[in-house]
Amino acid sequence: MNLLQDNFPTFLQGFGYTLLSSVIALVGSMILGTGFAIMQIVPQKWARKIGNVYVQVFRNIPLLIITFFFFLVVSKYIKMSGFTSGTVALMLYTSAFIAETVRAGILSVDSGQMEGARANGLSFAQAMQHIVLPQAFRISLPSLGNQFINLVKNSSILAFVGGLDLMYQGNMVAANTFDTFSTYIIVAIFYLVITLPLSYYMQHLERKLKHAA
Amino acid sequence: MSMIEFKNVEKYYGDFHALKHVNLKIDEGETVVLIGPSGSGKSTLIRTINGLEEIQEGQLLVNGFDLHDPKTDMNRMRKNVGMVFQHFNLYDNKTTLENVMLAPRLVLKRDEAENKKIAMELLEKVGLADKAANMPSELSGGQKQRAAIARSLAMRPKALLFDEPTSALDPEMVGDVLDVMRDIAKDSSMTMLVVTHEMSFAKAVADRVIFMADGEVLEDSTTREFFEKPKEVRAQKFLSQVEHH
Ligand SMILES: Nc1ncnc2c1ncn2[C@@H]1O[C@H](COP(=O)(O)OP(=O)(O)O)[C@@H](O)[C@H]1O
Ligand SMILES: [Mg+2]
């Protein structure tokens, strides 16, 4: 427990960066993922193609490689820190999975919902926003919850590019104290502080929305 | 003035010729019933009128909009053309009241207080004022269909399309829905096109009857003419089948 006390500011900083990276990547990947999900179901062939290529590319490359690509290649042209490289990579990687989840959700909403809305005068975008997507998200909720939790855990790739996150700080503490076992137990507990409430919150949301419908 | 006009319209699903050389004119304020055997293209025809299905050839004019012209703004056209579906297509994520209020709010930018007032009046009219706060899943089929009609009316359309509005309902629910439709037909400025197998409704309400088979309009007569002596053999056969049902 001395280990925790002595290095508390370090762990806390790591925790803060992990949380920050996760929140940014989560919001960003939801927006991007939803956008690419919609692109894949519009009538325009070229849009569907772009959406599909995007998803296939980012879903099928290891996250670590995407991270290195931003950290080593892209950063030559656009200045970015390890934290930024890792967070952007995490966002793009996760958005591909979210796009697939949301797309499946949209397709499982009865097509009569879109038709009813269009016939009622709503534009495609309005129908998506107010009618189809809310139902698609509700259907996708369990799967989205999994993506979010994976995202938090995957944020540990920041450690590979000096991203100052929990994993990175844990590595530092372990190297300095030689107490690898206790250090990583503490790191694991900090991850749980994020993922467990998130997990419970998603379950709560699922139950709540089930009753609403 | 004609509200809906088909001129030599052809519609294909891939290779399948679904509407064959359709010529048709429906005037403002008219109530027209469209009948025909299953698979004859009634849904296809009615769905082309608000652009849910595209046509491949010919001209289709709806309230002055040329639907075959790619430059036509479908969203604007649809403001004036409502549709009621066989399976209701109510918004499953919205209450009955919200179903009625959503499009006027988003599309017409109707003032919120007025929107609510109009919506409640319409729900009153279709007998659903007490279901305003319920979700569609809590309504019976007949109630859903009446809510869907109220939703269409809230846009104050010039024309209303009905695609077998009572076919998915239990028999005891049909009467209430037809009563509401009869009421709408009384409004002399409303143009109505109704696909239905309810012949008593057609006799009582329609100005004209159109009979389709195999993607073609075979007969277009006044209601009296049609029911007294249909010209087409296939229409005669169809009538005798549905009437002895
Ligand atoms: N989306 C579609 N794709 C291919 N064929 C279709 C489609 N919709 C309808 N059809 C075909 O077009 C014909 C007319 O269908 P429809 O308009 O639904 O007839 P009705 O409403 O009179 O029963 C049928 O043979 C049907 O199988
Ligand atoms: Mg049909």
# chains A, B, ... in the order shown; residues from 1 in each chain; ligands from 1
>>> residues_near_ligand(ligand="ligand 1", cutoff="7 Å", atoms="only C-alpha atoms and all ligand atoms", output="CSV table (one decimal) with C-alpha atoms, in the first residue's frame")
chain,number,residue,atom,x,y,z
B,13,TYR,CA,-38.8,-3.6,-60.6
B,16,PHE,CA,-40.5,-7.0,-63.9
B,18,ALA,CA,-45.1,-3.5,-62.5
B,36,GLY,CA,-57.9,-5.2,-58.0
B,37,PRO,CA,-56.5,-8.6,-57.2
B,38,SER,CA,-53.5,-9.1,-55.0
B,39,GLY,CA,-50.3,-8.4,-56.9
B,40,SER,CA,-52.0,-6.3,-59.6
B,41,GLY,CA,-49.8,-3.2,-58.7
B,42,LYS,CA,-52.1,-1.2,-56.5
B,43,SER,CA,-49.5,-0.6,-53.8
B,44,THR,CA,-46.9,0.2,-56.5
B,45,LEU,CA,-49.2,2.7,-58.1
B,215,GLY,CA,-50.1,-3.7,-63.7
>>> interface_residues(of="chain B", to="chain A", cutoff="6 Å", atoms="only C-alpha atoms", output="VMD selection string")
chain B and resid 75 78 to 79 83 89
>>> residues_around(residues="range 42-54 of chain A", least_positions_apart="6", cutoff="10 Å", atoms="only C-alpha atoms", output="ChimeraX atom specification")
/A:33,35-36,92-93,95-96,99-100,124
>>> write_last_selection(atoms="N, CA and C atoms", output="CSV table (one decimal), in the first residue's frame")
chain,number,residue,atom,x,y,z
A,33,GLY,N,-18.5,6.7,-36.3
A,33,GLY,CA,-19.1,5.4,-36.5
A,33,GLY,C,-20.5,5.5,-37.0
A,35,GLY,N,-21.8,8.1,-38.6
A,35,GLY,CA,-21.7,8.7,-39.9
A,35,GLY,C,-21.3,7.6,-40.9
A,36,PHE,N,-20.4,6.8,-40.6
A,36,PHE,CA,-20.0,5.7,-41.6
A,36,PHE,C,-21.1,4.6,-41.7
A,92,LEU,N,-10.4,6.1,-34.4
A,92,LEU,CA,-10.7,5.6,-35.8
A,92,LEU,C,-10.9,4.1,-35.7
A,93,TYR,N,-10.1,3.4,-35.0
A,93,TYR,CA,-10.2,1.9,-34.8
A,93,TYR,C,-11.6,1.6,-34.3
A,95,SER,N,-14.3,3.4,-34.2
A,95,SER,CA,-15.4,3.9,-35.0
A,95,SER,C,-15.8,2.8,-36.1
A,96,ALA,N,-14.8,2.1,-36.5
A,96,ALA,CA,-15.1,1.0,-37.5
A,96,ALA,C,-16.0,0.0,-36.9
A,99,ALA,N,-19.4,1.6,-36.4
A,99,ALA,CA,-20.1,1.7,-37.6
A,99,ALA,C,-20.8,0.4,-38.0
A,100,GLU,N,-20.1,-0.7,-37.8
A,100,GLU,CA,-20.8,-2.0,-38.1
A,100,GLU,C,-21.9,-2.3,-37.2
A,124,PHE,N,-34.8,12.7,-45.3
A,124,PHE,CA,-34.0,11.5,-44.9
A,124,PHE,C,-33.2,11.7,-43.6
>>> residues_around(residues="range 159-174 of chain B", least_positions_apart="3", cutoff="7 Å", atoms="only C-alpha atoms", output="ChimeraX atom specification")
/B:43,46,80-87,141-142,177-178,190-196
>>> residues_around(residues="Ser85 in chain A", least_positions_apart="4", cutoff="9 Å", atoms="only C-alpha atoms", output="VMD selection string")
chain A and resid 66 to 72 74 to 75 80 to 81 89 to 90 158 161 163
>>> write_last_selection(atoms="N, CA, C and O atoms", output="mmCIF file, in the first residue's frame")
data_model
loop_
_atom_site.group_PDB
_atom_site.id
_atom_site.type_symbol
_atom_site.label_atom_id
_atom_site.label_comp_id
_atom_site.auth_asym_id
_atom_site.auth_seq_id
_atom_site.Cartn_x
_atom_site.Cartn_y
_atom_site.Cartn_z
ATOM 1 N N ILE A 66 -2.017 1.093 -36.270
ATOM 2 C CA ILE A 66 -2.642 2.389 -36.578
ATOM 3 C C ILE A 66 -2.010 3.466 -35.696
ATOM 4 O O ILE A 66 -1.688 4.566 -36.147
ATOM 5 N N THR A 67 -1.798 3.118 -34.439
ATOM 6 C CA THR A 67 -1.199 4.064 -33.491
ATOM 7 C C THR A 67 0.206 4.472 -33.939
ATOM 8 O O THR A 67 0.536 5.663 -33.982
ATOM 9 N N PHE A 68 1.018 3.483 -34.297
ATOM 10 C CA PHE A 68 2.385 3.791 -34.757
ATOM 11 C C PHE A 68 2.350 4.613 -36.028
ATOM 12 O O PHE A 68 3.178 5.491 -36.240
ATOM 13 N N PHE A 69 1.381 4.316 -36.883
ATOM 14 C CA PHE A 69 1.260 5.064 -38.135
ATOM 15 C C PHE A 69 1.081 6.558 -37.837
ATOM 16 O O PHE A 69 1.760 7.405 -38.420
ATOM 17 N N PHE A 70 0.204 6.868 -36.886
ATOM 18 C CA PHE A 70 0.007 8.278 -36.550
ATOM 19 C C PHE A 70 1.209 8.847 -35.830
ATOM 20 O O PHE A 70 1.650 9.963 -36.088
ATOM 21 N N PHE A 71 1.790 8.048 -34.933
ATOM 22 C CA PHE A 71 2.889 8.541 -34.105
ATOM 23 C C PHE A 71 4.176 8.739 -34.914
ATOM 24 O O PHE A 71 4.905 9.711 -34.727
ATOM 25 N N LEU A 72 4.407 7.823 -35.864
ATOM 26 C CA LEU A 72 5.678 7.862 -36.588
ATOM 27 C C LEU A 72 5.573 8.525 -37.956
ATOM 28 O O LEU A 72 6.496 9.191 -38.396
ATOM 29 N N VAL A 74 2.340 10.121 -39.588
ATOM 30 C CA VAL A 74 1.505 11.314 -39.712
ATOM 31 C C VAL A 74 2.112 12.487 -38.937
ATOM 32 O O VAL A 74 2.071 13.631 -39.378
ATOM 33 N N SER A 75 2.732 12.174 -37.797
ATOM 34 C CA SER A 75 3.261 13.249 -36.940
ATOM 35 C C SER A 75 4.416 14.005 -37.615
ATOM 36 O O SER A 75 4.792 15.086 -37.183
ATOM 37 N N MET A 80 1.953 16.084 -33.624
ATOM 38 C CA MET A 80 1.071 15.556 -32.582
ATOM 39 C C MET A 80 1.861 14.735 -31.574
ATOM 40 O O MET A 80 2.854 14.096 -31.899
ATOM 41 N N SER A 81 1.378 14.786 -30.333
ATOM 42 C CA SER A 81 2.038 14.065 -29.247
ATOM 43 C C SER A 81 1.665 12.587 -29.307
ATOM 44 O O SER A 81 0.814 12.183 -30.090
ATOM 45 N N ALA A 89 -5.900 7.255 -33.110
ATOM 46 C CA ALA A 89 -5.907 5.878 -33.606
ATOM 47 C C ALA A 89 -7.018 5.078 -32.933
ATOM 48 O O ALA A 89 -7.771 4.344 -33.592
ATOM 49 N N LEU A 90 -7.149 5.243 -31.632
ATOM 50 C CA LEU A 90 -8.182 4.537 -30.872
ATOM 51 C C LEU A 90 -9.579 4.916 -31.371
ATOM 52 O O LEU A 90 -10.467 4.069 -31.512
ATOM 53 N N LEU A 158 -1.696 3.617 -25.583
ATOM 54 C CA LEU A 158 -1.017 4.899 -25.396
ATOM 55 C C LEU A 158 0.361 4.700 -24.788
ATOM 56 O O LEU A 158 1.305 5.449 -25.057
ATOM 57 N N VAL A 161 3.414 4.704 -27.027
ATOM 58 C CA VAL A 161 3.870 5.917 -27.713
ATOM 59 C C VAL A 161 4.046 7.069 -26.720
ATOM 60 O O VAL A 161 3.879 8.239 -27.076
ATOM 61 N N GLY A 163 2.208 7.950 -24.112
ATOM 62 C CA GLY A 163 0.949 8.673 -24.016
ATOM 63 C C GLY A 163 0.547 9.066 -22.604
ATOM 64 O O GLY A 163 -0.528 9.606 -22.403
#
>>> closest_residue(among="B:Asn63, B:Asp15, B:Ala150, B:Leu108", to="Met120 in chain B", atoms="only C-alpha atoms")
B:Ala150
>>> atom_distance(atom1="CA of Lys186 in chain B", atom2="CA of Glu30 in chain B")
10.2 Å
>>> residues_around(residues="Ala25 in chain A", least_positions_apart="4", cutoff="10 Å", atoms="only C-alpha atoms", output="PyMOL selection string")
chain A and resi 19-21+29-31+86-95+148+151-152+155
>>> write_last_selection(atoms="C-alpha atoms", output="PDB file, in the first residue's frame")
ATOM      1  CA  LEU A  19     -10.051   8.792 -18.825  1.00  0.00           C
ATOM      2  CA  LEU A  20      -9.503  11.811 -21.076  1.00  0.00           C
ATOM      3  CA  SER A  21      -8.360   9.704 -24.012  1.00  0.00           C
ATOM      4  CA  SER A  29     -15.910   7.177 -32.510  1.00  0.00           C
ATOM      5  CA  MET A  30     -19.653   7.382 -31.883  1.00  0.00           C
ATOM      6  CA  ILE A  31     -19.929  10.356 -34.241  1.00  0.00           C
ATOM      7  CA  GLY A  86      -2.910   7.131 -29.660  1.00  0.00           C
ATOM      8  CA  THR A  87      -6.254   8.798 -29.038  1.00  0.00           C
ATOM      9  CA  VAL A  88      -6.878   9.445 -32.737  1.00  0.00           C
ATOM     10  CA  ALA A  89      -5.907   5.878 -33.606  1.00  0.00           C
ATOM     11  CA  LEU A  90      -8.182   4.537 -30.872  1.00  0.00           C
ATOM     12  CA  MET A  91     -11.018   6.697 -32.137  1.00  0.00           C
ATOM     13  CA  LEU A  92     -10.685   5.575 -35.767  1.00  0.00           C
ATOM     14  CA  TYR A  93     -10.205   1.922 -34.849  1.00  0.00           C
ATOM     15  CA  THR A  94     -13.241   1.859 -32.556  1.00  0.00           C
ATOM     16  CA  SER A  95     -15.369   3.860 -34.997  1.00  0.00           C
ATOM     17  CA  PHE A 148     -17.046   1.188 -25.036  1.00  0.00           C
ATOM     18  CA  LEU A 151     -12.203   1.126 -25.980  1.00  0.00           C
ATOM     19  CA  VAL A 152     -11.217   1.941 -22.382  1.00  0.00           C
ATOM     20  CA  SER A 155      -6.513   2.931 -24.575  1.00  0.00           C
TER      21      SER A 155
END
>>> select_by_dssp(residues="range 34-203 of chain B", states="alpha helix (DSSP H)", output="CSV table (one decimal) with N, CA, C and O atoms, in the first residue's frame")
chain,number,residue,atom,x,y,z
B,42,LYS,N,-51.5,-2.3,-57.2
B,42,LYS,CA,-52.1,-1.2,-56.5
B,42,LYS,C,-51.2,-0.5,-55.5
B,42,LYS,O,-51.1,0.8,-55.6
B,43,SER,N,-50.4,-1.2,-54.7
B,43,SER,CA,-49.5,-0.6,-53.8
B,43,SER,C,-48.4,0.2,-54.6
B,43,SER,O,-48.1,1.3,-54.3
B,44,THR,N,-47.9,-0.5,-55.6
B,44,THR,CA,-46.9,0.2,-56.5
B,44,THR,C,-47.4,1.5,-57.0
B,44,THR,O,-46.8,2.5,-56.9
B,45,LEU,N,-48.7,1.5,-57.5
B,45,LEU,CA,-49.2,2.7,-58.1
B,45,LEU,C,-49.3,3.8,-57.0
B,45,LEU,O,-48.9,4.9,-57.3
B,46,ILE,N,-49.9,3.5,-55.9
B,46,ILE,CA,-50.1,4.5,-54.9
B,46,ILE,C,-48.8,5.0,-54.3
B,46,ILE,O,-48.7,6.2,-54.0
B,47,ARG,N,-47.8,4.1,-54.3
B,47,ARG,CA,-46.5,4.5,-53.7
B,47,ARG,C,-45.7,5.4,-54.7
B,47,ARG,O,-44.9,6.2,-54.2
B,48,THR,N,-46.0,5.3,-56.0
B,48,THR,CA,-45.3,6.2,-56.9
B,48,THR,C,-45.8,7.7,-56.7
B,48,THR,O,-45.1,8.6,-56.9
B,49,ILE,N,-47.0,7.8,-56.2
B,49,ILE,CA,-47.6,9.1,-56.1
B,49,ILE,C,-46.9,10.0,-55.1
B,49,ILE,O,-46.9,11.2,-55.2
B,74,MET,N,-38.7,16.4,-53.5
B,74,MET,CA,-39.7,15.5,-53.0
B,74,MET,C,-40.2,15.8,-51.6
B,74,MET,O,-41.3,15.6,-51.3
B,75,ASN,N,-39.3,16.4,-50.8
B,75,ASN,CA,-39.7,16.8,-49.4
B,75,ASN,C,-40.8,17.8,-49.5
B,75,ASN,O,-41.7,17.8,-48.7
B,76,ARG,N,-40.6,18.8,-50.4
B,76,ARG,CA,-41.7,19.8,-50.5
B,76,ARG,C,-43.0,19.2,-51.0
B,76,ARG,O,-44.0,19.6,-50.5
B,77,MET,N,-42.8,18.3,-52.0
B,77,MET,CA,-44.0,17.7,-52.6
B,77,MET,C,-44.8,16.9,-51.5
B,77,MET,O,-46.0,17.0,-51.4
B,78,ARG,N,-44.1,16.2,-50.6
B,78,ARG,CA,-44.7,15.4,-49.7
B,78,ARG,C,-45.4,16.1,-48.6
B,78,ARG,O,-46.3,15.6,-47.8
B,96,THR,N,-48.2,8.6,-28.9
B,96,THR,CA,-49.2,8.9,-29.9
B,96,THR,C,-49.2,10.4,-30.2
B,96,THR,O,-49.2,10.8,-31.4
B,97,LEU,N,-49.2,11.2,-29.2
B,97,LEU,CA,-49.2,12.7,-29.4
B,97,LEU,C,-48.0,13.1,-30.2
B,97,LEU,O,-48.1,13.9,-31.1
B,98,GLU,N,-46.8,12.6,-29.8
B,98,GLU,CA,-45.6,13.0,-30.5
B,98,GLU,C,-45.6,12.5,-32.0
B,98,GLU,O,-45.1,13.2,-32.9
B,99,ASN,N,-46.2,11.4,-32.2
B,99,ASN,CA,-46.4,10.9,-33.6
B,99,ASN,C,-47.1,11.9,-34.4
B,99,ASN,O,-46.7,12.2,-35.6
B,100,VAL,N,-48.1,12.6,-33.8
B,100,VAL,CA,-48.9,13.5,-34.6
B,100,VAL,C,-48.2,14.9,-34.7
B,100,VAL,O,-48.3,15.6,-35.7
B,101,MET,N,-47.4,15.2,-33.7
B,101,MET,CA,-46.8,16.5,-33.6
B,101,MET,C,-45.4,16.6,-34.3
B,101,MET,O,-45.0,17.7,-34.7
B,102,LEU,N,-44.8,15.5,-34.5
B,102,LEU,CA,-43.4,15.6,-35.0
B,102,LEU,C,-43.2,16.2,-36.4
B,102,LEU,O,-42.4,17.2,-36.5
B,103,ALA,N,-43.9,15.8,-37.4
B,103,ALA,CA,-43.7,16.3,-38.7
B,103,ALA,C,-44.1,17.8,-38.8
B,103,ALA,O,-43.4,18.6,-39.4
B,104,PRO,N,-45.3,18.2,-38.2
B,104,PRO,CA,-45.6,19.7,-38.3
B,104,PRO,C,-44.5,20.5,-37.6
B,104,PRO,O,-44.2,21.6,-38.1
B,105,ARG,N,-43.9,20.0,-36.5
B,105,ARG,CA,-42.8,20.7,-35.8
B,105,ARG,C,-41.6,20.8,-36.7
B,105,ARG,O,-41.0,21.9,-36.9
B,106,LEU,N,-41.2,19.7,-37.3
B,106,LEU,CA,-39.9,19.7,-38.0
B,106,LEU,C,-40.0,20.3,-39.4
B,106,LEU,O,-39.1,20.9,-39.9
B,112,GLU,N,-45.2,25.6,-31.2
B,112,GLU,CA,-45.4,24.4,-30.3
B,112,GLU,C,-46.8,24.4,-29.7
B,112,GLU,O,-47.5,23.3,-29.7
B,113,ALA,N,-47.3,25.5,-29.2
B,113,ALA,CA,-48.6,25.5,-28.5
B,113,ALA,C,-49.7,25.2,-29.5
B,113,ALA,O,-50.6,24.4,-29.3
B,114,GLU,N,-49.6,25.8,-30.7
B,114,GLU,CA,-50.6,25.6,-31.7
B,114,GLU,C,-50.5,24.1,-32.2
B,114,GLU,O,-51.6,23.5,-32.4
B,115,ASN,N,-49.3,23.6,-32.3
B,115,ASN,CA,-49.1,22.3,-32.8
B,115,ASN,C,-49.8,21.3,-31.9
B,115,ASN,O,-50.5,20.4,-32.3
B,116,LYS,N,-49.6,21.5,-30.6
B,116,LYS,CA,-50.2,20.6,-29.6
B,116,LYS,C,-51.8,20.7,-29.6
B,116,LYS,O,-52.4,19.7,-29.6
B,117,LYS,N,-52.2,21.9,-29.8
B,117,LYS,CA,-53.7,22.1,-29.8
B,117,LYS,C,-54.3,21.4,-31.0
B,117,LYS,O,-55.2,20.6,-30.9
B,118,ILE,N,-53.6,21.6,-32.2
B,118,ILE,CA,-54.1,20.9,-33.4
B,118,ILE,C,-54.1,19.4,-33.3
B,118,ILE,O,-55.0,18.6,-33.6
B,119,ALA,N,-52.9,18.9,-32.7
B,119,ALA,CA,-52.7,17.5,-32.5
B,119,ALA,C,-53.8,16.9,-31.6
B,119,ALA,O,-54.4,15.8,-31.9
B,120,MET,N,-54.1,17.6,-30.5
B,120,MET,CA,-55.1,17.1,-29.6
B,120,MET,C,-56.5,17.1,-30.2
B,120,MET,O,-57.3,16.2,-30.0
B,121,GLU,N,-56.8,18.1,-31.0
B,121,GLU,CA,-58.1,18.2,-31.7
B,121,GLU,C,-58.2,17.0,-32.6
B,121,GLU,O,-59.3,16.3,-32.7
B,122,LEU,N,-57.1,16.7,-33.3
B,122,LEU,CA,-57.2,15.5,-34.3
B,122,LEU,C,-57.3,14.2,-33.5
B,122,LEU,O,-58.1,13.3,-34.0
B,123,LEU,N,-56.6,14.1,-32.4
B,123,LEU,CA,-56.7,12.8,-31.6
B,123,LEU,C,-58.2,12.7,-31.1
B,123,LEU,O,-58.7,11.6,-31.1
B,124,GLU,N,-58.7,13.8,-30.7
B,124,GLU,CA,-60.1,13.9,-30.3
B,124,GLU,C,-61.0,13.4,-31.4
B,124,GLU,O,-61.9,12.5,-31.2
B,125,LYS,N,-60.8,13.9,-32.6
B,125,LYS,CA,-61.6,13.6,-33.8
B,125,LYS,C,-61.6,12.1,-34.1
B,125,LYS,O,-62.6,11.5,-34.5
B,141,GLY,N,-54.7,-2.5,-33.0
B,141,GLY,CA,-54.5,-2.2,-34.4
B,141,GLY,C,-55.3,-1.0,-34.9
B,141,GLY,O,-54.9,-0.1,-35.6
B,142,GLY,N,-56.6,-1.1,-34.6
B,142,GLY,CA,-57.5,0.0,-35.0
B,142,GLY,C,-57.1,1.3,-34.5
B,142,GLY,O,-57.2,2.4,-35.2
B,143,GLN,N,-56.7,1.3,-33.2
B,143,GLN,CA,-56.2,2.6,-32.6
B,143,GLN,C,-55.0,3.1,-33.3
B,143,GLN,O,-54.8,4.3,-33.6
B,144,LYS,N,-54.1,2.2,-33.6
B,144,LYS,CA,-52.8,2.6,-34.3
B,144,LYS,C,-53.2,3.2,-35.7
B,144,LYS,O,-52.6,4.3,-36.0
B,145,GLN,N,-54.1,2.6,-36.4
B,145,GLN,CA,-54.5,3.2,-37.7
B,145,GLN,C,-55.1,4.5,-37.6
B,145,GLN,O,-54.8,5.4,-38.4
B,146,ARG,N,-55.9,4.7,-36.5
B,146,ARG,CA,-56.6,6.0,-36.4
B,146,ARG,C,-55.5,7.1,-36.0
B,146,ARG,O,-55.6,8.2,-36.4
B,147,ALA,N,-54.5,6.6,-35.2
B,147,ALA,CA,-53.4,7.6,-34.8
B,147,ALA,C,-52.6,7.9,-36.1
B,147,ALA,O,-52.2,9.1,-36.3
B,148,ALA,N,-52.4,6.9,-37.0
B,148,ALA,CA,-51.7,7.2,-38.2
B,148,ALA,C,-52.4,8.2,-39.1
B,148,ALA,O,-51.8,9.0,-39.7
B,149,ILE,N,-53.8,8.0,-39.1
B,149,ILE,CA,-54.6,9.0,-39.9
B,149,ILE,C,-54.4,10.4,-39.3
B,149,ILE,O,-54.3,11.4,-40.0
B,150,ALA,N,-54.5,10.5,-38.0
B,150,ALA,CA,-54.4,11.8,-37.3
B,150,ALA,C,-53.0,12.4,-37.7
B,150,ALA,O,-52.9,13.6,-37.9
B,151,ARG,N,-52.0,11.5,-37.7
B,151,ARG,CA,-50.6,12.0,-38.0
B,151,ARG,C,-50.6,12.6,-39.4
B,151,ARG,O,-50.0,13.6,-39.6
B,152,SER,N,-51.2,11.9,-40.3
B,152,SER,CA,-51.3,12.5,-41.7
B,152,SER,C,-52.0,13.8,-41.8
B,152,SER,O,-51.6,14.7,-42.5
B,153,LEU,N,-53.2,13.8,-41.1
B,153,LEU,CA,-54.0,15.0,-41.2
B,153,LEU,C,-53.3,16.2,-40.6
B,153,LEU,O,-53.6,17.4,-41.0
B,171,PRO,N,-61.6,-7.8,-37.6
B,171,PRO,CA,-62.9,-7.3,-38.2
B,171,PRO,C,-63.6,-6.3,-37.3
B,171,PRO,O,-64.1,-5.3,-37.8
B,172,GLU,N,-63.5,-6.4,-36.0
B,172,GLU,CA,-64.3,-5.5,-35.2
B,172,GLU,C,-63.6,-4.1,-35.1
B,172,GLU,O,-64.2,-3.2,-34.6
B,173,MET,N,-62.4,-4.0,-35.6
B,173,MET,CA,-61.7,-2.7,-35.6
B,173,MET,C,-62.0,-1.9,-36.9
B,173,MET,O,-61.7,-0.7,-36.9
B,174,VAL,N,-62.4,-2.6,-37.9
B,174,VAL,CA,-62.5,-2.0,-39.2
B,174,VAL,C,-63.5,-0.8,-39.3
B,174,VAL,O,-63.2,0.2,-39.8
B,175,GLY,N,-64.6,-1.0,-38.6
B,175,GLY,CA,-65.7,0.0,-38.7
B,175,GLY,C,-65.2,1.4,-38.2
B,175,GLY,O,-65.5,2.4,-38.9
B,176,ASP,N,-64.5,1.5,-37.1
B,176,ASP,CA,-64.1,2.8,-36.6
B,176,ASP,C,-63.1,3.5,-37.5
B,176,ASP,O,-63.2,4.7,-37.7
B,177,VAL,N,-62.2,2.7,-38.1
B,177,VAL,CA,-61.3,3.3,-39.1
B,177,VAL,C,-62.0,3.8,-40.3
B,177,VAL,O,-61.8,4.9,-40.8
B,178,LEU,N,-63.0,3.0,-40.8
B,178,LEU,CA,-63.7,3.5,-42.0
B,178,LEU,C,-64.6,4.7,-41.7
B,178,LEU,O,-64.7,5.6,-42.5
B,179,ASP,N,-65.1,4.8,-40.4
B,179,ASP,CA,-65.9,5.9,-40.0
B,179,ASP,C,-65.0,7.2,-40.1
B,179,ASP,O,-65.5,8.2,-40.6
B,180,VAL,N,-63.8,7.1,-39.6
B,180,VAL,CA,-62.9,8.2,-39.7
B,180,VAL,C,-62.6,8.6,-41.1
B,180,VAL,O,-62.6,9.8,-41.5
B,181,MET,N,-62.4,7.6,-42.0
B,181,MET,CA,-62.1,7.9,-43.4
B,181,MET,C,-63.3,8.6,-44.1
B,181,MET,O,-63.2,9.5,-44.9
B,182,ARG,N,-64.5,8.1,-43.7
B,182,ARG,CA,-65.7,8.6,-44.3
B,182,ARG,C,-65.8,10.1,-44.0
B,182,ARG,O,-66.2,10.9,-44.8
B,183,ASP,N,-65.5,10.4,-42.7
B,183,ASP,CA,-65.5,11.7,-42.2
B,183,ASP,C,-64.6,12.7,-43.0
B,183,ASP,O,-64.9,13.8,-43.4
B,184,ILE,N,-63.4,12.1,-43.3
B,184,ILE,CA,-62.4,12.9,-44.1
B,184,ILE,C,-62.9,13.2,-45.5
B,184,ILE,O,-62.7,14.3,-46.0
B,185,ALA,N,-63.5,12.2,-46.0
B,185,ALA,CA,-64.0,12.3,-47.4
B,185,ALA,C,-65.1,13.4,-47.6
B,185,ALA,O,-65.3,13.9,-48.6
B,186,LYS,N,-65.8,13.7,-46.5
B,186,LYS,CA,-66.8,14.7,-46.5
B,186,LYS,C,-66.2,16.1,-46.8
B,186,LYS,O,-66.8,16.9,-47.3
B,199,MET,N,-66.0,-3.1,-50.1
B,199,MET,CA,-66.8,-2.6,-51.2
B,199,MET,C,-67.9,-1.7,-50.7
B,199,MET,O,-68.3,-0.8,-51.4
B,200,SER,N,-68.4,-1.9,-49.5
B,200,SER,CA,-69.5,-1.1,-49.0
B,200,SER,C,-68.9,0.3,-48.8
B,200,SER,O,-69.6,1.3,-49.0
B,201,PHE,N,-67.7,0.4,-48.4
B,201,PHE,CA,-67.1,1.7,-48.2
B,201,PHE,C,-67.0,2.4,-49.6
B,201,PHE,O,-67.3,3.6,-49.7
B,202,ALA,N,-66.5,1.7,-50.6
B,202,ALA,CA,-66.4,2.2,-51.9
B,202,ALA,C,-67.7,2.7,-52.4
B,202,ALA,O,-67.8,3.9,-52.9
B,203,LYS,N,-68.7,1.9,-52.3
B,203,LYS,CA,-70.1,2.3,-52.8
B,203,LYS,C,-70.5,3.6,-52.1
B,203,LYS,O,-71.1,4.5,-52.7
